[in-house]
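Colleague: Below you will find the structure I want to go over with you.
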Amino acid sequence: MSPIRVGVIGIGWAGQQHLAAYRDLPDVEIVAIAGKEPELLRSLGEQYGATMLFESWEKLLEVPDLDAVSIAVPTFLHAPIAIAALKRGLHVLSEKPLARNGVEGQQMVEAARSAGRVLDVVFNHRLRGDIQALGEIIGRGDLGRPYYAKASWMRRRGIPLLGSWFTNQEMSGGGPLADIGVHVLDYALFLLGEPRVLSVNAVTYSELGHRGIGGMKRETADQSVSEYEVEDFAAAFVRLEGGATLVLETSWAAFRSPDDLIDFSVLGTDGGAELKAVGATKAAVGDLHVYRDADGEIADYQPAAEPGRAHAGVVENFIDVLRDQARWPANDGSLALKRARVIDACYQSAAENKEIVVE
């Protein structure tokens with residue numbers, strides 16, 4: 001089996017997760033890395049054995065015999081890099097969200113289909129061990145038919161790089177709804193069996209960030225390059241095919257418990273469940289409860305769950321798909337595009353103060 005030759009574009013935290021995951025897989029060769037920080041770029045090249053180092057992503061895409069690239073750069077660059085890579089016949093694994101909006105996302109999916117290549121997006125939270133365990137419980141029908149669910153990712157002080165591209169509307173496409181809310185939407189729809197989203201009614205608020213409140217102290221930009229242009233809290237009422245309802249909440253900054261929280265709760269016709277990961281990504285396994293009756297008596301229980309594999313699991317799945325050409329057509333970015341269209345509808349709903357049908 002010939003090695004799969006990969007390049008990684010972006011050398012921040014996310015890009016380094018991709019590099020570490022590729023290194024740990026057999027028959028995968030990290031050939032090239034692109035990033036804007038020369039010293040860090042050289043250090044990562046030495047660490048991962050990559051001899052071709054570039055400050056330009058365009059130069060990386062010219063590397064001969066490359067098979068795939070990871071994209072771990074600001075959101076406004078996802079579409080141009082992915083489309084250029086796909087046109088060169090490369091497979092693409094991109095950080096979330098797919099793009100700034102569904103229009104760009106559609107262009108990326110069309111490029112993947114035209115090239116006959118894989119386009120995947122890093123939705124690593126669906127690979128959490130507790131979410132996988134709950135997914136198995138719901139999937140085998142233990143809760144009956146789910147009809148109402150709530151999901152959130154809430155931060156007290158979690159605006160990343162206040163004053164940077166994250167808080168610039170043109171560069172990011174949005175605030176916490178686009179950044180971490182897309183994770184919440186993804187794992188919630190995954191748990192509910194991928195029902196079609198019919199419509200959304202959403203609100204967004206920007207009450208704290210523009211006042212300089214809510215930034216991650218250790219990650220706040222020393223020199224702001226942008227005014228605070230995005231929301232710091234969003235909520236959405238989501239109607240699903242089949243009559244079920246999903247309520248989403250997400251915040252970068254809100255006066256609440258200091259601990260970040262990822263959670264999901266669901267009511268079904270034969271049972272319910274709650275998952276709370278206090279500390280969010282710092283909690284490898286959350287507190288998971290299932291509520292059921294048996295012979296008319298309460299039969300609640302706490303399922304066991306193992307820690308998930310985060311980026312390592314996503315990258316391994318990506319490589320597995322690349323090794324099976326029959327799976328390429330089904331991995332063209334379509335699922336991530338559905339998520340992007342729902343996020344678009346949420347922003348439109350908030351702006352127009354009305355329910356929006358999702359096309």
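By order in the structure tokens, chains are A, B, ...; within a chain, residues start at 1; ligands start at 1, following the order shown.
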Residues near His91 in chain A, anyone? I mean within 8 Å using only C-alpha atoms, not counting same-chain ones fewer than 4 positions away, as a list in words.
Modeller: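 In the requested format, the answer is Asp67, Ala68, Val69, Ala85, Leu86, Arg117, Val118, Leu119 and Leu322 of chain A.
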Colleague: I need the residues from that last selection saved to file as a PDB file, in the first residue's frame (with all heavy atoms), if you can.
Modeller:
```pdb
ATOM      1  N   ASP A  67      -1.419  14.016  -2.267  1.00  0.00           N
ATOM      2  CA  ASP A  67      -2.729  13.362  -2.335  1.00  0.00           C
ATOM      3  C   ASP A  67      -3.836  14.156  -1.657  1.00  0.00           C
ATOM      4  O   ASP A  67      -4.981  14.152  -2.112  1.00  0.00           O
ATOM      5  CB  ASP A  67      -2.666  11.972  -1.683  1.00  0.00           C
ATOM      6  CG  ASP A  67      -1.734  11.021  -2.400  1.00  0.00           C
ATOM      7  OD1 ASP A  67      -1.933  10.829  -3.623  1.00  0.00           O
ATOM      8  OD2 ASP A  67      -0.810  10.483  -1.757  1.00  0.00           O
ATOM      9  N   ALA A  68      -3.518  14.803  -0.540  1.00  0.00           N
ATOM     10  CA  ALA A  68      -4.562  15.453   0.252  1.00  0.00           C
ATOM     11  C   ALA A  68      -3.977  16.613   1.040  1.00  0.00           C
ATOM     12  O   ALA A  68      -2.776  16.660   1.324  1.00  0.00           O
ATOM     13  CB  ALA A  68      -5.195  14.447   1.202  1.00  0.00           C
ATOM     14  N   VAL A  69      -4.864  17.543   1.430  1.00  0.00           N
ATOM     15  CA  VAL A  69      -4.460  18.653   2.280  1.00  0.00           C
ATOM     16  C   VAL A  69      -5.465  18.838   3.406  1.00  0.00           C
ATOM     17  O   VAL A  69      -6.660  18.581   3.242  1.00  0.00           O
ATOM     18  CB  VAL A  69      -4.329  19.987   1.504  1.00  0.00           C
ATOM     19  CG1 VAL A  69      -3.180  19.922   0.520  1.00  0.00           C
ATOM     20  CG2 VAL A  69      -5.628  20.357   0.818  1.00  0.00           C
ATOM     21  N   ALA A  85      -7.478  23.482  -4.244  1.00  0.00           N
ATOM     22  CA  ALA A  85      -6.922  22.148  -4.004  1.00  0.00           C
ATOM     23  C   ALA A  85      -7.706  21.079  -4.752  1.00  0.00           C
ATOM     24  O   ALA A  85      -7.117  20.170  -5.367  1.00  0.00           O
ATOM     25  CB  ALA A  85      -6.923  21.853  -2.503  1.00  0.00           C
ATOM     26  N   LEU A  86      -9.003  21.172  -4.714  1.00  0.00           N
ATOM     27  CA  LEU A  86      -9.853  20.180  -5.395  1.00  0.00           C
ATOM     28  C   LEU A  86      -9.632  20.239  -6.908  1.00  0.00           C
ATOM     29  O   LEU A  86      -9.584  19.193  -7.575  1.00  0.00           O
ATOM     30  CB  LEU A  86     -11.321  20.420  -5.042  1.00  0.00           C
ATOM     31  CG  LEU A  86     -11.694  20.101  -3.584  1.00  0.00           C
ATOM     32  CD1 LEU A  86     -13.015  20.757  -3.205  1.00  0.00           C
ATOM     33  CD2 LEU A  86     -11.774  18.586  -3.376  1.00  0.00           C
ATOM     34  N   ARG A 117     -13.340  14.084  -5.900  1.00  0.00           N
ATOM     35  CA  ARG A 117     -12.481  13.993  -4.734  1.00  0.00           C
ATOM     36  C   ARG A 117     -13.282  14.160  -3.450  1.00  0.00           C
ATOM     37  O   ARG A 117     -14.428  14.603  -3.460  1.00  0.00           O
ATOM     38  CB  ARG A 117     -11.366  15.047  -4.791  1.00  0.00           C
ATOM     39  CG  ARG A 117     -10.354  14.802  -5.904  1.00  0.00           C
ATOM     40  CD  ARG A 117      -9.595  13.499  -5.681  1.00  0.00           C
ATOM     41  NE  ARG A 117      -8.546  13.278  -6.668  1.00  0.00           N
ATOM     42  CZ  ARG A 117      -8.707  12.570  -7.781  1.00  0.00           C
ATOM     43  NH1 ARG A 117      -9.912  12.046  -8.059  1.00  0.00           N
ATOM     44  NH2 ARG A 117      -7.704  12.392  -8.616  1.00  0.00           N
ATOM     45  N   VAL A 118     -12.660  13.816  -2.334  1.00  0.00           N
ATOM     46  CA  VAL A 118     -13.301  13.878  -1.025  1.00  0.00           C
ATOM     47  C   VAL A 118     -13.165  15.288  -0.443  1.00  0.00           C
ATOM     48  O   VAL A 118     -12.099  15.897  -0.521  1.00  0.00           O
ATOM     49  CB  VAL A 118     -12.667  12.854  -0.052  1.00  0.00           C
ATOM     50  CG1 VAL A 118     -13.165  13.064   1.383  1.00  0.00           C
ATOM     51  CG2 VAL A 118     -12.962  11.440  -0.526  1.00  0.00           C
ATOM     52  N   LEU A 119     -14.264  15.781   0.126  1.00  0.00           N
ATOM     53  CA  LEU A 119     -14.272  17.022   0.900  1.00  0.00           C
ATOM     54  C   LEU A 119     -14.908  16.702   2.243  1.00  0.00           C
ATOM     55  O   LEU A 119     -16.091  16.349   2.311  1.00  0.00           O
ATOM     56  CB  LEU A 119     -15.070  18.113   0.177  1.00  0.00           C
ATOM     57  CG  LEU A 119     -15.354  19.390   0.983  1.00  0.00           C
ATOM     58  CD1 LEU A 119     -14.061  20.082   1.384  1.00  0.00           C
ATOM     59  CD2 LEU A 119     -16.262  20.337   0.184  1.00  0.00           C
ATOM     60  N   LEU A 322     -10.232   7.826   2.036  1.00  0.00           N
ATOM     61  CA  LEU A 322      -9.356   7.987   0.873  1.00  0.00           C
ATOM     62  C   LEU A 322      -8.882   6.636   0.353  1.00  0.00           C
ATOM     63  O   LEU A 322      -8.636   6.487  -0.852  1.00  0.00           O
ATOM     64  CB  LEU A 322      -8.140   8.849   1.230  1.00  0.00           C
ATOM     65  CG  LEU A 322      -8.394  10.288   1.683  1.00  0.00           C
ATOM     66  CD1 LEU A 322      -7.109  11.098   1.611  1.00  0.00           C
ATOM     67  CD2 LEU A 322      -9.493  10.948   0.880  1.00  0.00           C
TER      68      LEU A 322
END
```
Colleague: Taking only range 8-195 of chain A into account, list the residues labelled strand (DSSP E or B) by DSSP (computed from the backbone), as a ChimeraX atom specification.
Modeller: /A:8-9,28-34,52-54,68-71,91-94,119-121,146-154,157,159
Colleague: Please provide as an mmCIF file with all heavy atoms, in the first residue's frame all residues within 7 Å of range 237-253 of chain A, with the sequence filter that same-chain residues fewer than 2 positions apart are discarded (counting only C-alpha atoms).
Modeller:
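See part_4.cif below for the written result:
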```cif
data_model
loop_
_atom_site.group_PDB
_atom_site.id
_atom_site.type_symbol
_atom_site.label_atom_id
_atom_site.label_comp_id
_atom_site.auth_asym_id
_atom_site.auth_seq_id
_atom_site.Cartn_x
_atom_site.Cartn_y
_atom_site.Cartn_z
ATOM 1 N N PRO A 146 -37.732 10.316 19.561
ATOM 2 C CA PRO A 146 -37.403 11.622 20.138
ATOM 3 C C PRO A 146 -38.313 12.711 19.569
ATOM 4 O O PRO A 146 -38.526 12.775 18.361
ATOM 5 C CB PRO A 146 -35.954 11.858 19.707
ATOM 6 C CG PRO A 146 -35.427 10.497 19.342
ATOM 7 C CD PRO A 146 -36.603 9.756 18.797
ATOM 8 N N TYR A 147 -38.849 13.554 20.456
ATOM 9 C CA TYR A 147 -39.726 14.611 19.962
ATOM 10 C C TYR A 147 -39.303 16.011 20.406
ATOM 11 O O TYR A 147 -39.767 16.998 19.856
ATOM 12 C CB TYR A 147 -41.186 14.352 20.359
ATOM 13 C CG TYR A 147 -41.432 14.211 21.848
ATOM 14 C CD1 TYR A 147 -41.668 15.322 22.657
ATOM 15 C CD2 TYR A 147 -41.470 12.952 22.446
ATOM 16 C CE1 TYR A 147 -41.908 15.192 24.017
ATOM 17 C CE2 TYR A 147 -41.722 12.803 23.797
ATOM 18 C CZ TYR A 147 -41.930 13.930 24.581
ATOM 19 O OH TYR A 147 -42.169 13.788 25.933
ATOM 20 N N TYR A 148 -38.423 16.093 21.397
ATOM 21 C CA TYR A 148 -37.962 17.421 21.829
ATOM 22 C C TYR A 148 -36.545 17.293 22.357
ATOM 23 O O TYR A 148 -36.249 16.400 23.162
ATOM 24 C CB TYR A 148 -38.865 17.969 22.931
ATOM 25 C CG TYR A 148 -38.500 19.362 23.394
ATOM 26 C CD1 TYR A 148 -38.866 20.482 22.640
ATOM 27 C CD2 TYR A 148 -37.795 19.566 24.573
ATOM 28 C CE1 TYR A 148 -38.526 21.764 23.064
ATOM 29 C CE2 TYR A 148 -37.453 20.845 25.005
ATOM 30 C CZ TYR A 148 -37.819 21.938 24.249
ATOM 31 O OH TYR A 148 -37.480 23.197 24.655
ATOM 32 N N ALA A 149 -35.670 18.185 21.912
ATOM 33 C CA ALA A 149 -34.276 18.147 22.356
ATOM 34 C C ALA A 149 -33.735 19.559 22.545
ATOM 35 O O ALA A 149 -34.189 20.505 21.888
ATOM 36 C CB ALA A 149 -33.413 17.388 21.344
ATOM 37 N N LYS A 150 -32.778 19.686 23.454
ATOM 38 C CA LYS A 150 -32.072 20.947 23.685
ATOM 39 C C LYS A 150 -30.578 20.667 23.660
ATOM 40 O O LYS A 150 -30.130 19.643 24.192
ATOM 41 C CB LYS A 150 -32.455 21.552 25.039
ATOM 42 C CG LYS A 150 -33.900 21.990 25.137
ATOM 43 C CD LYS A 150 -34.225 22.473 26.538
ATOM 44 C CE LYS A 150 -33.450 23.725 26.907
ATOM 45 N NZ LYS A 150 -33.786 24.227 28.265
ATOM 46 N N ALA A 151 -29.828 21.568 23.060
ATOM 47 C CA ALA A 151 -28.383 21.377 22.980
ATOM 48 C C ALA A 151 -27.702 22.729 23.061
ATOM 49 O O ALA A 151 -28.209 23.726 22.536
ATOM 50 C CB ALA A 151 -28.000 20.665 21.683
ATOM 51 N N SER A 152 -26.539 22.756 23.706
ATOM 52 C CA SER A 152 -25.857 24.039 23.820
ATOM 53 C C SER A 152 -24.361 23.861 24.019
ATOM 54 O O SER A 152 -23.883 22.793 24.397
ATOM 55 C CB SER A 152 -26.414 24.848 25.006
ATOM 56 O OG SER A 152 -25.988 24.313 26.242
ATOM 57 N N TRP A 153 -23.653 24.941 23.738
ATOM 58 C CA TRP A 153 -22.262 25.119 24.151
ATOM 59 C C TRP A 153 -22.182 26.541 24.671
ATOM 60 O O TRP A 153 -22.281 27.503 23.904
ATOM 61 C CB TRP A 153 -21.309 24.905 22.979
ATOM 62 C CG TRP A 153 -19.844 24.896 23.369
ATOM 63 C CD1 TRP A 153 -19.282 25.402 24.515
ATOM 64 C CD2 TRP A 153 -18.752 24.355 22.613
ATOM 65 N NE1 TRP A 153 -17.925 25.212 24.517
ATOM 66 C CE2 TRP A 153 -17.570 24.571 23.357
ATOM 67 C CE3 TRP A 153 -18.667 23.716 21.384
ATOM 68 C CZ2 TRP A 153 -16.323 24.174 22.901
ATOM 69 C CZ3 TRP A 153 -17.422 23.323 20.923
ATOM 70 C CH2 TRP A 153 -16.264 23.536 21.671
ATOM 71 N N MET A 154 -22.008 26.658 25.982
ATOM 72 C CA MET A 154 -22.052 27.956 26.631
ATOM 73 C C MET A 154 -20.718 28.270 27.293
ATOM 74 O O MET A 154 -20.156 27.441 28.017
ATOM 75 C CB MET A 154 -23.169 27.983 27.679
ATOM 76 C CG MET A 154 -24.557 27.714 27.111
ATOM 77 S SD MET A 154 -25.169 29.090 26.108
ATOM 78 C CE MET A 154 -25.490 30.306 27.391
ATOM 79 N N ARG A 155 -20.226 29.491 27.044
ATOM 80 C CA ARG A 155 -19.003 29.970 27.671
ATOM 81 C C ARG A 155 -19.286 31.227 28.495
ATOM 82 O O ARG A 155 -20.176 32.003 28.153
ATOM 83 C CB ARG A 155 -17.943 30.313 26.611
ATOM 84 C CG ARG A 155 -17.402 29.133 25.834
ATOM 85 C CD ARG A 155 -16.456 29.619 24.743
ATOM 86 N NE ARG A 155 -15.836 28.529 24.010
ATOM 87 C CZ ARG A 155 -15.084 28.696 22.927
ATOM 88 N NH1 ARG A 155 -14.859 29.920 22.450
ATOM 89 N NH2 ARG A 155 -14.552 27.656 22.298
ATOM 90 N N ARG A 156 -18.515 31.403 29.545
ATOM 91 C CA ARG A 156 -18.588 32.632 30.341
ATOM 92 C C ARG A 156 -17.684 33.693 29.718
ATOM 93 O O ARG A 156 -18.126 34.814 29.450
ATOM 94 C CB ARG A 156 -18.135 32.324 31.779
ATOM 95 C CG ARG A 156 -17.959 33.555 32.687
ATOM 96 C CD ARG A 156 -19.264 34.204 33.079
ATOM 97 N NE ARG A 156 -19.050 35.283 34.045
ATOM 98 C CZ ARG A 156 -19.149 35.141 35.358
ATOM 99 N NH1 ARG A 156 -19.432 33.943 35.870
ATOM 100 N NH2 ARG A 156 -18.976 36.162 36.160
ATOM 101 N N ARG A 157 -16.425 33.330 29.529
ATOM 102 C CA ARG A 157 -15.460 34.214 28.882
ATOM 103 C C ARG A 157 -14.722 33.403 27.833
ATOM 104 O O ARG A 157 -13.707 32.779 28.118
ATOM 105 C CB ARG A 157 -14.480 34.775 29.905
ATOM 106 C CG ARG A 157 -15.094 35.741 30.899
ATOM 107 C CD ARG A 157 -14.044 36.295 31.832
ATOM 108 N NE ARG A 157 -14.591 37.297 32.730
ATOM 109 C CZ ARG A 157 -13.890 37.978 33.627
ATOM 110 N NH1 ARG A 157 -12.580 37.753 33.718
ATOM 111 N NH2 ARG A 157 -14.464 38.853 34.413
ATOM 112 N N GLY A 158 -15.235 33.399 26.628
ATOM 113 C CA GLY A 158 -14.664 32.524 25.613
ATOM 114 C C GLY A 158 -14.601 33.124 24.229
ATOM 115 O O GLY A 158 -14.629 32.400 23.239
ATOM 116 N N ILE A 159 -14.524 34.466 24.146
ATOM 117 C CA ILE A 159 -14.357 35.082 22.829
ATOM 118 C C ILE A 159 -12.919 34.847 22.394
ATOM 119 O O ILE A 159 -11.988 35.366 23.015
ATOM 120 C CB ILE A 159 -14.657 36.592 22.856
ATOM 121 C CG1 ILE A 159 -16.086 36.841 23.334
ATOM 122 C CG2 ILE A 159 -14.450 37.194 21.464
ATOM 123 C CD1 ILE A 159 -16.407 38.312 23.534
ATOM 124 N N PRO A 176 -20.284 33.078 17.809
ATOM 125 C CA PRO A 176 -20.345 31.732 18.371
ATOM 126 C C PRO A 176 -21.281 30.792 17.627
ATOM 127 O O PRO A 176 -21.053 29.584 17.621
ATOM 128 C CB PRO A 176 -20.822 31.970 19.812
ATOM 129 C CG PRO A 176 -21.464 33.314 19.792
ATOM 130 C CD PRO A 176 -20.686 34.103 18.793
ATOM 131 N N LEU A 177 -22.325 31.312 17.002
ATOM 132 C CA LEU A 177 -23.222 30.434 16.246
ATOM 133 C C LEU A 177 -22.475 29.754 15.112
ATOM 134 O O LEU A 177 -22.627 28.548 14.884
ATOM 135 C CB LEU A 177 -24.406 31.241 15.706
ATOM 136 C CG LEU A 177 -25.449 30.457 14.903
ATOM 137 C CD1 LEU A 177 -26.070 29.352 15.739
ATOM 138 C CD2 LEU A 177 -26.528 31.407 14.377
ATOM 139 N N GLY A 181 -21.391 26.961 17.588
ATOM 140 C CA GLY A 181 -22.777 26.544 17.400
ATOM 141 C C GLY A 181 -22.929 25.503 16.307
ATOM 142 O O GLY A 181 -23.816 24.644 16.367
ATOM 143 N N PRO A 195 -32.416 14.089 11.036
ATOM 144 C CA PRO A 195 -33.682 14.546 10.439
ATOM 145 C C PRO A 195 -33.451 15.804 9.609
ATOM 146 O O PRO A 195 -32.525 16.579 9.872
ATOM 147 C CB PRO A 195 -34.550 14.856 11.663
ATOM 148 C CG PRO A 195 -33.550 15.255 12.712
ATOM 149 C CD PRO A 195 -32.357 14.364 12.481
ATOM 150 N N ARG A 196 -34.287 16.032 8.627
ATOM 151 C CA ARG A 196 -34.186 17.236 7.802
ATOM 152 C C ARG A 196 -34.690 18.436 8.591
ATOM 153 O O ARG A 196 -35.730 18.367 9.253
ATOM 154 C CB ARG A 196 -34.984 17.075 6.513
ATOM 155 C CG ARG A 196 -34.810 18.225 5.524
ATOM 156 C CD ARG A 196 -35.340 17.845 4.150
ATOM 157 N NE ARG A 196 -36.788 17.697 4.146
ATOM 158 C CZ ARG A 196 -37.650 18.687 3.858
ATOM 159 N NH1 ARG A 196 -37.182 19.895 3.565
ATOM 160 N NH2 ARG A 196 -38.943 18.465 3.850
ATOM 161 N N VAL A 197 -33.949 19.532 8.528
ATOM 162 C CA VAL A 197 -34.370 20.773 9.179
ATOM 163 C C VAL A 197 -35.353 21.490 8.264
ATOM 164 O O VAL A 197 -35.042 21.772 7.110
ATOM 165 C CB VAL A 197 -33.162 21.679 9.486
ATOM 166 C CG1 VAL A 197 -33.628 23.021 10.042
ATOM 167 C CG2 VAL A 197 -32.216 20.990 10.469
ATOM 168 N N LEU A 198 -36.546 21.802 8.801
ATOM 169 C CA LEU A 198 -37.583 22.449 8.006
ATOM 170 C C LEU A 198 -37.515 23.970 8.108
ATOM 171 O O LEU A 198 -37.619 24.670 7.101
ATOM 172 C CB LEU A 198 -38.963 21.965 8.454
ATOM 173 C CG LEU A 198 -39.223 20.459 8.348
ATOM 174 C CD1 LEU A 198 -40.630 20.138 8.834
ATOM 175 C CD2 LEU A 198 -39.016 19.974 6.927
ATOM 176 N N SER A 199 -37.365 24.478 9.339
ATOM 177 C CA SER A 199 -37.356 25.929 9.516
ATOM 178 C C SER A 199 -36.667 26.278 10.831
ATOM 179 O O SER A 199 -36.490 25.426 11.708
ATOM 180 C CB SER A 199 -38.785 26.489 9.521
ATOM 181 O OG SER A 199 -39.498 26.015 10.656
ATOM 182 N N VAL A 200 -36.287 27.548 10.955
ATOM 183 C CA VAL A 200 -35.648 28.026 12.181
ATOM 184 C C VAL A 200 -36.236 29.377 12.561
ATOM 185 O O VAL A 200 -36.661 30.158 11.708
ATOM 186 C CB VAL A 200 -34.118 28.154 12.024
ATOM 187 C CG1 VAL A 200 -33.492 26.819 11.676
ATOM 188 C CG2 VAL A 200 -33.750 29.204 10.986
ATOM 189 N N ASN A 201 -36.247 29.627 13.854
ATOM 190 C CA ASN A 201 -36.591 30.942 14.384
ATOM 191 C C ASN A 201 -35.513 31.278 15.394
ATOM 192 O O ASN A 201 -35.402 30.605 16.420
ATOM 193 C CB ASN A 201 -37.972 30.916 15.037
ATOM 194 C CG ASN A 201 -38.592 32.296 15.099
ATOM 195 O OD1 ASN A 201 -37.893 33.277 15.290
ATOM 196 N ND2 ASN A 201 -39.907 32.373 14.939
ATOM 197 N N ALA A 202 -34.692 32.266 15.095
ATOM 198 C CA ALA A 202 -33.482 32.492 15.885
ATOM 199 C C ALA A 202 -33.356 33.932 16.346
ATOM 200 O O ALA A 202 -33.970 34.854 15.784
ATOM 201 C CB ALA A 202 -32.250 32.103 15.067
ATOM 202 N N LEU A 208 -21.858 42.036 25.028
ATOM 203 C CA LEU A 208 -20.661 42.069 25.861
ATOM 204 C C LEU A 208 -19.378 42.292 25.076
ATOM 205 O O LEU A 208 -18.515 43.073 25.489
ATOM 206 C CB LEU A 208 -20.558 40.766 26.661
ATOM 207 C CG LEU A 208 -21.777 40.401 27.524
ATOM 208 C CD1 LEU A 208 -21.530 39.097 28.269
ATOM 209 C CD2 LEU A 208 -22.123 41.519 28.485
ATOM 210 N N GLY A 214 -15.528 39.468 28.026
ATOM 211 C CA GLY A 214 -15.721 38.090 27.595
ATOM 212 C C GLY A 214 -14.600 37.490 26.786
ATOM 213 O O GLY A 214 -14.733 36.382 26.277
ATOM 214 N N ASP A 232 -22.407 37.643 20.465
ATOM 215 C CA ASP A 232 -21.752 36.862 21.508
ATOM 216 C C ASP A 232 -22.688 35.819 22.116
ATOM 217 O O ASP A 232 -22.261 34.999 22.927
ATOM 218 C CB ASP A 232 -21.126 37.745 22.601
ATOM 219 C CG ASP A 232 -21.981 38.923 23.003
ATOM 220 O OD1 ASP A 232 -23.182 38.724 23.268
ATOM 221 O OD2 ASP A 232 -21.442 40.042 23.065
ATOM 222 N N PHE A 233 -23.981 35.834 21.726
ATOM 223 C CA PHE A 233 -24.943 34.815 22.148
ATOM 224 C C PHE A 233 -25.954 34.608 21.030
ATOM 225 O O PHE A 233 -26.353 35.565 20.349
ATOM 226 C CB PHE A 233 -25.674 35.232 23.426
ATOM 227 C CG PHE A 233 -26.789 34.293 23.822
ATOM 228 C CD1 PHE A 233 -26.514 33.147 24.550
ATOM 229 C CD2 PHE A 233 -28.097 34.540 23.428
ATOM 230 C CE1 PHE A 233 -27.533 32.261 24.893
ATOM 231 C CE2 PHE A 233 -29.121 33.666 23.764
ATOM 232 C CZ PHE A 233 -28.838 32.522 24.510
ATOM 233 N N ALA A 234 -26.370 33.360 20.847
ATOM 234 C CA ALA A 234 -27.402 33.051 19.862
ATOM 235 C C ALA A 234 -28.254 31.891 20.361
ATOM 236 O O ALA A 234 -27.780 31.009 21.078
ATOM 237 C CB ALA A 234 -26.782 32.691 18.505
ATOM 238 N N ALA A 235 -29.524 31.905 19.985
ATOM 239 C CA ALA A 235 -30.435 30.805 20.307
ATOM 240 C C ALA A 235 -31.348 30.582 19.115
ATOM 241 O O ALA A 235 -31.666 31.525 18.373
ATOM 242 C CB ALA A 235 -31.256 31.123 21.559
#
```
Colleague: Please indicate the distance in Å from CA of Ala32 in chain A to CA of Ile71 in chain A, rounded to one decimal place.
Modeller: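 So the two atoms, CA of Ala32 in chain A and CA of Ile71 in chain A, lie 12.4 Å apart.
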Colleague: Have a look at CA of Gly268 in chain A and CA of Ala304 in chain A and let me know their distance in Å, one decimal.
Modeller: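 Distance between the two atoms: 20.4 Å.
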Colleague: Which of these residues is nearest to Gly174 in chain A, using only C-alpha atoms: A:Glu306, A:Glu37, A:Asp295, A:Asp344?
Modeller: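 For Gly174 in chain A, the nearest of the candidates is A:Asp344.
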